[in-house]
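> Could you have a look at this structure, given as structure tokens, before my questions?
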4 protein chains.
Amino acid sequence: MVVVMKTSATQAEIEQVVERVRTAGGEAFVSPGELRTIIGLVGDTTRFMELPLSQLPGVENVIRVGRPYKLVARELHPEPSVVKVGSHPVDRRTVTVIAGPCAVESEQQAMEAAHMAKRAGAHLLRGGAYKPRTSPYSFQGLAKQGLEILAACREETGLPVVTEVLEARDVDLVSSLADCLQIGARNMQNFSLLKEVGKAHVPVILKRGLSATVEEWLMAAEYVAREGNMDIILCERGIRTFETATRNTLDLAGMAVAREATHLPVIVDPSHATGVRELVGPMSRAAVAAGADGIMVEIHPHPEAALSDGPQALTGDDLDRLVDEIAALGASLGRPVSGYQREAGRTPSMGWGSPQQ
Amino acid sequence: MVVVMKTSATQAEIEQVVERVRTAGGEAFVSPGELRTIIGLVGDTTRFMELPLSQLPGVENVIRVGRPYKLVARELHPEPSVVKVGSHPVDRRTVTVIAGPCAVESEQQAMEAAHMAKRAGAHLLRGGAYKPRTSPYSFQGLAKQGLEILAACREETGLPVVTEVLEARDVDLVSSLADCLQIGARNMQNFSLLKEVGKAHVPVILKRGLSATVEEWLMAAEYVAREGNMDIILCERGIRTFETATRNTLDLAGMAVAREATHLPVIVDPSHATGVRELVGPMSRAAVAAGADGIMVEIHPHPEAALSDGPQALTGDDLDRLVDEIAALGASLGRPVSGYQREAGRTPSMGWGSPQQ
Amino acid sequence: MVVVMKTSATQAEIEQVVERVRTAGGEAFVSPGELRTIIGLVGDTTRFMELPLSQLPGVENVIRVGRPYKLVARELHPEPSVVKVGSHPVDRRTVTVIAGPCAVESEQQAMEAAHMAKRAGAHLLRGGAYKPRTSPYSFQGLAKQGLEILAACREETGLPVVTEVLEARDVDLVSSLADCLQIGARNMQNFSLLKEVGKAHVPVILKRGLSATVEEWLMAAEYVAREGNMDIILCERGIRTFETATRNTLDLAGMAVAREATHLPVIVDPSHATGVRELVGPMSRAAVAAGADGIMVEIHPHPEAALSDGPQALTGDDLDRLVDEIAALGASLGRPVSGYQREAGRTPSMGWGSPQQ
Amino acid sequence: MVVVMKTSATQAEIEQVVERVRTAGGEAFVSPGELRTIIGLVGDTTRFMELPLSQLPGVENVIRVGRPYKLVARELHPEPSVVKVGSHPVDRRTVTVIAGPCAVESEQQAMEAAHMAKRAGAHLLRGGAYKPRTSPYSFQGLAKQGLEILAACREETGLPVVTEVLEARDVDLVSSLADCLQIGARNMQNFSLLKEVGKAHVPVILKRGLSATVEEWLMAAEYVAREGNMDIILCERGIRTFETATRNTLDLAGMAVAREATHLPVIVDPSHATGVRELVGPMSRAAVAAGADGIMVEIHPHPEAALSDGPQALTGDDLDRLVDEIAALGASLGRPVSGYQREAGRTPSMGWGSPQQ
């Protein structure tokens, strides 16, 4: 850390800062400037972080240096982590594809979607049983029944299942039925939930909050890790900005910064990031090209009848094409979609972003 | 609602939209334009909102008209609501002052702060027992012990107590010891918590989320109201923007828009909005001038030793001056600080924003 | 400035940084940490700012300390500046009121508006002759003819005139006809224009850019000051955020931060900040309560026929009431509206934000 | 357009709106709802846009439908445009590479950079002679001398030259020496400059403003087009958000939305968007994968000595690798880098975002 003194700070005020730091077991180096003095703090910075140095007389401000997270930081764990969901490893050598409906609406709808995902070559099935909705008058999900339907879909297709958990007291139940938990964007700083998921023995996908910095996102992961659960997959899903042409603004550079800062896998959700079906293809391609370790997309057998987020859901054909594209692109970058085999007669098509358009 | 058709939409596609709306029990009026056709939807719009009209062929987009909240809307409840916290009514005729430490750190610290609040003329005491902190390595609050300390402070000073509740399963406990719950900015869309608080029989202060629109904020209040709890106080506490000179950007116009849209009282938290002690005074004055029904500020007997948010905490003297200012200002606007009597010899001072500065 | 070295930085890399700083005439103090080393730089920081230190091997990042502006900084010029526009001093002891139409549309409209401003007690008349419009198909202003109309209004009412200048080559013409130039939000970083205005001998109102930090705003003022023109009035007019309930988000805390950082007067434009007529009153009151040195509002004799920005324009009656309110409020804070005398029989009313509402 | 009436609107107020629209030559269709009435407006909407309908009594708000730009809209010009810069066509079938130094610092530096660009396979050379800098104390560019150096570089390498123009009165001079003008982000709504460039007979790269919506960006292009210059290339370069890990937030979805909405080519500048050298590669790949028609990157023969933006400049080797990657990726998507031939022995490497990392 660095303490910046005011132009008007006295020698006694400078010494008081040095004293406080030494008392806390650190070392302080003074750089006496003409206009203002800077004090460099050295030692166990987590201890200094809690010191109210900025409150001492003569202090202008205190600048934190270095990263506040440890367990999820790459700095001390250079080797990339592999997170196993069911039998599928989410890693940095391959591109993982997760697909499924926004909400589980019925057994038939979910089963149809699961078969769509399986056919296209997805590795994991996603589906919401508990739905966080802006309006209390919107469909809120099938809850436990939805979890059971997802388990039945796994039975039938063999795809491990990812589903969102909304509160701490549901973690046990959801963990017992799903292969991977999801913490949604709105809950990224629901610290009770983070701690409870940290005690569970299932992997978790942690979405970035709408207005969370990359650092706050990694601090949220640190909450989970600190309770003992290191099977964390980060998921970028767009941040809130002034632009209204898309639902959120997909921050692929933020994804890349996070992926560099941590050893955990980082994936991208282009469906929620954009809210526009035609952008899911281009943004999935962009995510993989930028180095994302996977994508998570929404599909629906009948988007025009979807109970939530229909405008961004892909059809089965859309998903087939998307996986074809991702596989072709990944191959050119040395990052295969594992298990992928192009069906004879299918050629990847590009929609928005193609040379024809 | 309004459905905007694509330039290329056919007559059949237009008719399909009309048909779907009628089937759902609504009425659809077609405005056939040269370039594009617009369809006005009339009837029970909550039913249409769930119709996936934007997925129908030929539809460019669907525009919602009117407000999605009902119970908290002023439109149908023109009379302002009064929310009673303990014996203190939070209303639109007076300015309510809430003060207390960010976190309860010890009985001594809390009690000192409570006496500071009482002396200055505050009506309610705030204090955090459960603390949502960005870092898992930061002080997380005294939990139940903190609640008991707050209850002791109420015993001693007579000030009703406001404290944050972080998760659904704590609502009963916190309700039993506090006079008013607080839902923090990070939990504004923690829908499980909102519903649980909606079932409780205590008033609640609902803070606006860091990246929540005014409409989303009111929808969060609607969640609470829908479960039967109408004793809701809204609290603007700054939104996240690109500006880094302050911790957040206080949105007083958003506060005024919310206050116009709802019958509930709306207050302002200038401490978290700015994160800078010297701005708490000017922003409190501004809030009252803009029509806020109260302010909530952080105080600490020894800010330089605070375990959290020291840089924004006021001292007892600061608070005395602030209440003096607010009282003088409120008087000139016809909105008294109830029970306020200026102590002889004390003159309001203005700090930042004063003519001298 | 502070140079933060990477965890992996070698001793030689640390020495290279020290060497580069010394060569440039500065002094470097090394704080050797366990995890990483920090180097404090002391001396003429403007010289270091141009050094590409962050490019040297082993450097993680470089943190600037202190403020990059000088001439407009309060640090070295503690005395508040007074900017005289015509005969009216814009200062920190009184509240200046500037009013007028968004655009000069005709001699009759401008003259009516000027009389409205005069009657209400405004000190300066604003009006746009050159209009920056998002669409090329919108009304672009009367240009030179508009300037002449404004000059005629000044002739008739005695109010000095403020008007926007859009490009460097118009500065001479506009300076010759107006009493005060205005640089609009979109041009805040039009450096050619800033430099040209800096060479002119008329005061200037410099609006904050839609996405400008307070620091960038002050740096824009520094451009003007550096060319010799110190008669600068800063004007906060809202920043762009995700919130769509108002046109922009008025940043009163940013205004207060700027006012503390500089010796220049700082005013507020609540009309453009909100885009909503009913918010102009509450936000004007809030601005004055927060310490703003003046307000600038849009008026129109017939808002329903305005060629631009009708939805935010006040009528003459609105303006009368607004000035009454501001005067009452300012009086309670020790900051009078100079020359103001309440007309018999007129009582200030508050609209949005009043106890009745 | 759609006019939404207030709940309290009377029949007479509804009729007044209809009347105003008819008088202006349009047609108005009334949808009488239980709670509120909606009026659909049909006809020449540009005429309605100027009508102050929102000012009429009983009107709640007015919603614009459709797009306000015409000449640059794809709706009426479905065929993609090709913009020729010197002999190089910027189109949608190939990927254009533009490279060069942020600022022209000296003949030697510019010439070295030009040779780096040429060797790597770039099609156009960029370089700044006039530099918009936040601080008046920063290097401001070599002006006319810089333009002459760029012309000499073109002479030597054959690469057409792109350079920024900062103000209307420089357009003639810059046009006479460069092959393509650039309008920077800060000048995107400098309407005088847009109009002047619209009258010039050279192509222009129009960067998106830091806080401009896609629609405002296209409206800025419409200003240029309306004066007769249709040779416009749009360039996404990041928007301003709360995230500070990168200089700006690259909005690739916004790029894709713009590319769908217009017939003009759209390119991406990953250097300014991120401000981080290690992100230029991943974001260039992402841009091409998302469908961008080209990339513009900053290079420098000696980044550690650069007078501006050193932290984001690529070296010659970096650029070689980047073009290799883009070419491989483009080939897999059917969008070649025209004229590209991989040098024997060079294998594309990926840095950040590679499977190894």
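Residue numbering restarts at 1 in every chain; chains get A, B, ... in the order shown in the structure tokens, and ligands count up from 1 in that same order.
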Set the distance at 10 Å and use only C-alpha atoms: which residues neighbour Glu325 of chain C once local chain neighbours fewer than 4 positions away are removed? I'd like the list as a VMD selection string.

(chain B and resid 332 to 333) or (chain C and resid 281 to 282 284 to 285 319 to 321 329 to 331 347 to 350)

> Residues of chain B were defined as contacting chain C if any atom lay at most 9 Å from it, counting only C-alpha atoms; please report them as number ranges by chain.

B: 79-80, 92-94, 211-215, 239-246, 249-254, 256-257, 259-260, 273-274, 279, 281-293, 325, 328-329, 331-335, 350, 352-357

> Could you go through segment 110-223 of chain C and tell me which residues DSSP, when run on the backbone, assigns to helix (DSSP H, G or I), listing them as a PyMOL selection string?

chain C and resi 110-120+144-157+168-177+185-187+191-199+214-223

> Could you write out the selected residues, including C-alpha atoms, as an mmCIF file, in the first residue's frame?


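What follows is the written file selection24.cif:
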data_model
loop_
_atom_site.group_PDB
_atom_site.id
_atom_site.type_symbol
_atom_site.label_atom_id
_atom_site.label_comp_id
_atom_site.auth_asym_id
_atom_site.auth_seq_id
_atom_site.Cartn_x
_atom_site.Cartn_y
_atom_site.Cartn_z
ATOM 1 C CA ALA C 110 -36.148 35.679 -27.584
ATOM 2 C CA MET C 111 -37.401 39.073 -26.472
ATOM 3 C CA GLU C 112 -40.353 37.568 -24.607
ATOM 4 C CA ALA C 113 -38.015 35.129 -22.889
ATOM 5 C CA ALA C 114 -35.587 37.925 -22.004
ATOM 6 C CA HIS C 115 -38.371 39.860 -20.347
ATOM 7 C CA MET C 116 -39.414 36.729 -18.442
ATOM 8 C CA ALA C 117 -35.833 36.324 -17.196
ATOM 9 C CA LYS C 118 -35.562 39.962 -16.235
ATOM 10 C CA ARG C 119 -38.862 40.007 -14.396
ATOM 11 C CA ALA C 120 -38.023 36.902 -12.374
ATOM 12 C CA LYS C 144 -25.187 35.122 -36.708
ATOM 13 C CA GLN C 145 -28.759 36.360 -36.837
ATOM 14 C CA GLY C 146 -29.340 34.673 -33.501
ATOM 15 C CA LEU C 147 -26.369 36.518 -32.014
ATOM 16 C CA GLU C 148 -27.786 39.827 -33.195
ATOM 17 C CA ILE C 149 -31.159 39.050 -31.668
ATOM 18 C CA LEU C 150 -29.446 38.294 -28.370
ATOM 19 C CA ALA C 151 -27.587 41.581 -28.541
ATOM 20 C CA ALA C 152 -30.919 43.335 -29.073
ATOM 21 C CA CYS C 153 -32.344 41.552 -26.025
ATOM 22 C CA ARG C 154 -29.410 42.782 -23.943
ATOM 23 C CA GLU C 155 -30.031 46.296 -25.276
ATOM 24 C CA GLU C 156 -33.631 46.131 -24.128
ATOM 25 C CA THR C 157 -33.287 44.368 -20.767
ATOM 26 C CA ALA C 168 -12.635 27.686 -33.107
ATOM 27 C CA ARG C 169 -13.189 29.856 -36.172
ATOM 28 C CA ASP C 170 -16.369 31.374 -34.696
ATOM 29 C CA VAL C 171 -14.768 32.521 -31.441
ATOM 30 C CA ASP C 172 -13.972 36.037 -32.655
ATOM 31 C CA LEU C 173 -17.441 36.691 -34.011
ATOM 32 C CA VAL C 174 -19.254 35.305 -30.979
ATOM 33 C CA SER C 175 -16.932 37.127 -28.562
ATOM 34 C CA SER C 176 -17.682 40.401 -30.280
ATOM 35 C CA LEU C 177 -21.439 40.066 -29.761
ATOM 36 C CA ALA C 185 -20.755 19.241 -23.013
ATOM 37 C CA ARG C 186 -20.021 17.623 -26.379
ATOM 38 C CA ASN C 187 -17.135 20.033 -26.934
ATOM 39 C CA PHE C 191 -9.048 21.093 -27.611
ATOM 40 C CA SER C 192 -8.823 23.444 -30.596
ATOM 41 C CA LEU C 193 -11.881 25.250 -29.337
ATOM 42 C CA LEU C 194 -10.566 25.313 -25.760
ATOM 43 C CA LYS C 195 -7.301 26.880 -26.890
ATOM 44 C CA GLU C 196 -9.034 29.476 -29.033
ATOM 45 C CA VAL C 197 -11.372 30.449 -26.227
ATOM 46 C CA GLY C 198 -8.323 30.646 -23.997
ATOM 47 C CA LYS C 199 -6.996 33.418 -26.235
ATOM 48 C CA VAL C 214 -14.228 15.724 -12.594
ATOM 49 C CA GLU C 215 -10.494 15.585 -13.215
ATOM 50 C CA GLU C 216 -10.879 15.657 -17.002
ATOM 51 C CA TRP C 217 -13.265 18.572 -16.658
ATOM 52 C CA LEU C 218 -10.682 20.525 -14.670
ATOM 53 C CA MET C 219 -8.018 19.575 -17.226
ATOM 54 C CA ALA C 220 -10.242 21.054 -19.938
ATOM 55 C CA ALA C 221 -10.412 24.255 -17.878
ATOM 56 C CA GLU C 222 -6.626 24.112 -17.588
ATOM 57 C CA TYR C 223 -6.429 24.243 -21.419
#

> Just want the 6 Å neighbourhood of Gly100 of chain C, counted on only C-alpha atoms, with same-chain residues fewer than 6 positions away dropped. Output as a PyMOL selection string.

chain C and resi 125-127+298-299

> Would you mind exporting N, CA and C atoms of the selected residues as a PDB file, in the first residue's frame?


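Just written: out36.pdb:
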ATOM      1  N   LEU C 125     -28.735  36.397 -19.305  1.00  0.00           N
ATOM      2  CA  LEU C 125     -29.630  35.794 -20.287  1.00  0.00           C
ATOM      3  C   LEU C 125     -28.855  34.776 -21.109  1.00  0.00           C
ATOM      4  N   ARG C 126     -29.359  33.551 -21.185  1.00  0.00           N
ATOM      5  CA  ARG C 126     -28.714  32.562 -22.053  1.00  0.00           C
ATOM      6  C   ARG C 126     -29.587  32.337 -23.285  1.00  0.00           C
ATOM      7  N   GLY C 127     -28.996  31.876 -24.370  1.00  0.00           N
ATOM      8  CA  GLY C 127     -29.760  31.598 -25.583  1.00  0.00           C
ATOM      9  C   GLY C 127     -28.824  31.044 -26.630  1.00  0.00           C
ATOM     10  N   GLU C 298     -33.498  26.645 -18.561  1.00  0.00           N
ATOM     11  CA  GLU C 298     -34.134  26.974 -19.831  1.00  0.00           C
ATOM     12  C   GLU C 298     -35.572  27.415 -19.634  1.00  0.00           C
ATOM     13  N   ILE C 299     -35.929  28.479 -20.338  1.00  0.00           N
ATOM     14  CA  ILE C 299     -37.307  28.971 -20.273  1.00  0.00           C
ATOM     15  C   ILE C 299     -37.805  29.164 -21.694  1.00  0.00           C
TER      16      ILE C 299
END

> Could you pull out the strand (DSSP E) residues of segment 2-80 of chain D, going by DSSP on the backbone, and write them as a list of chain:residue names?

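DSSP-assigned strand (DSSP E) residues in segment 2-80 of chain D: D:Val2, D:Val3, D:Val4, D:Met5, D:Glu27, D:Ala28, D:Phe29, D:Val30, D:Ser31, D:Ile38, D:Ile39, D:Gly40, D:Leu41, D:Val42, D:Val59, D:Glu60, D:Asn61, D:Val62, D:Ile63.
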
> May I have the residues within 12 Å of segment 33-37 of chain B as a PDB file with C-alpha atoms, in the first residue's frame, using only C-alpha atoms and disregarding those fewer than 3 positions away in the same chain?


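In the end it all went to out06.pdb:
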ATOM      1  CA  VAL B   2     -47.266  -1.244 -28.428  1.00  0.00           C
ATOM      2  CA  VAL B   3     -46.124  -3.761 -31.014  1.00  0.00           C
ATOM      3  CA  VAL B   4     -43.957  -2.309 -33.773  1.00  0.00           C
ATOM      4  CA  MET B   5     -43.973  -4.383 -36.957  1.00  0.00           C
ATOM      5  CA  LYS B   6     -41.036  -4.688 -39.330  1.00  0.00           C
ATOM      6  CA  THR B   7     -41.027  -2.718 -42.557  1.00  0.00           C
ATOM      7  CA  SER B   8     -41.314  -6.054 -44.308  1.00  0.00           C
ATOM      8  CA  ALA B   9     -44.222  -7.430 -42.231  1.00  0.00           C
ATOM      9  CA  THR B  10     -47.095  -8.935 -44.193  1.00  0.00           C
ATOM     10  CA  GLN B  11     -50.793  -8.421 -43.592  1.00  0.00           C
ATOM     11  CA  GLU B  13     -48.309 -11.352 -39.771  1.00  0.00           C
ATOM     12  CA  ILE B  14     -50.134  -8.277 -38.557  1.00  0.00           C
ATOM     13  CA  GLU B  15     -53.302 -10.284 -38.200  1.00  0.00           C
ATOM     14  CA  VAL B  17     -50.493 -10.451 -33.626  1.00  0.00           C
ATOM     15  CA  PHE B  29     -55.703  -1.414 -32.565  1.00  0.00           C
ATOM     16  CA  VAL B  30     -53.791  -1.293 -35.840  1.00  0.00           C
ATOM     17  CA  GLY B  40     -51.670  -0.590 -29.806  1.00  0.00           C
ATOM     18  CA  GLY B  58     -42.878  -9.804 -38.645  1.00  0.00           C
ATOM     19  CA  VAL B  59     -42.504  -8.180 -35.228  1.00  0.00           C
ATOM     20  CA  GLU B  60     -39.614  -5.722 -34.835  1.00  0.00           C
ATOM     21  CA  ASN B  61     -40.056  -4.977 -31.157  1.00  0.00           C
TER      22      ASN B  61
ATOM     23  CA  MET D   1     -44.240   7.369 -33.309  1.00  0.00           C
ATOM     24  CA  VAL D   2     -46.524   6.537 -30.451  1.00  0.00           C
ATOM     25  CA  GLY D  26     -49.968  12.772 -40.695  1.00  0.00           C
ATOM     26  CA  GLU D  27     -52.476  10.195 -39.607  1.00  0.00           C
ATOM     27  CA  ALA D  28     -53.237   9.279 -35.986  1.00  0.00           C
ATOM     28  CA  PHE D  29     -54.850   6.028 -34.832  1.00  0.00           C
ATOM     29  CA  GLY D  40     -50.160   5.563 -33.156  1.00  0.00           C
ATOM     30  CA  LEU D  41     -48.736   8.127 -35.591  1.00  0.00           C
ATOM     31  CA  VAL D  42     -48.289   7.282 -39.207  1.00  0.00           C
ATOM     32  CA  GLY D  43     -46.764   9.238 -42.103  1.00  0.00           C
ATOM     33  CA  ASP D  44     -43.498  11.195 -42.489  1.00  0.00           C
ATOM     34  CA  THR D  45     -42.074  10.727 -39.013  1.00  0.00           C
ATOM     35  CA  VAL D  65     -40.429   4.139 -33.397  1.00  0.00           C
ATOM     36  CA  GLY D  66     -38.054   3.292 -36.216  1.00  0.00           C
ATOM     37  CA  ARG D  67     -34.635   4.695 -36.968  1.00  0.00           C
ATOM     38  CA  GLU D  75     -33.008  -0.627 -44.434  1.00  0.00           C
ATOM     39  CA  LEU D  76     -33.120   1.351 -47.657  1.00  0.00           C
TER      40      LEU D  76
END

> Between B:Pro32, B:Pro89, B:Pro265, B:Pro52, which is the closest to Leu206 of chain B once you count only C-alpha atoms?

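Under the stated criterion, the closest residue is B:Pro265.
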
> For atom CA of Ile205 of chain D and atom CA of Gln108 of chain D, quote the distance in Å rounded to one decimal.

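We find that atom CA of Ile205 of chain D and atom CA of Gln108 of chain D lie 25.9 Å from each other.
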
> Could you tell me how far atom CA of Glu236 of chain D lies from atom CA of Val268 of chain D, in Å and to one decimal?

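Going from atom CA of Glu236 of chain D over to atom CA of Val268 of chain D covers 4.8 Å.
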
> So that I can see what lies close to Gly339 of chain C, please list as a list in words the residues with an atom at most 10 Å from it, counting only C-alpha atoms and leaving out residues fewer than 6 positions away in the same chain.

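The filter keeps Gly121, Ala122 and His123 of chain C.
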
> Mind dumping the selected residues with N, CA and C atoms as a compact mmCIF listing (two decimals), in the first residue's frame?


# COMPACT_ATOMS: atom_id res chain seq x y z
N GLY C 121 -35.90 38.06 -12.03
CA GLY C 121 -34.73 38.40 -11.23
C GLY C 121 -33.46 37.68 -11.66
N ALA C 122 -33.46 37.11 -12.87
CA ALA C 122 -32.24 36.46 -13.37
C ALA C 122 -31.17 37.51 -13.62
N HIS C 123 -29.91 37.10 -13.53
CA HIS C 123 -28.80 38.04 -13.71
C HIS C 123 -28.23 38.01 -15.12
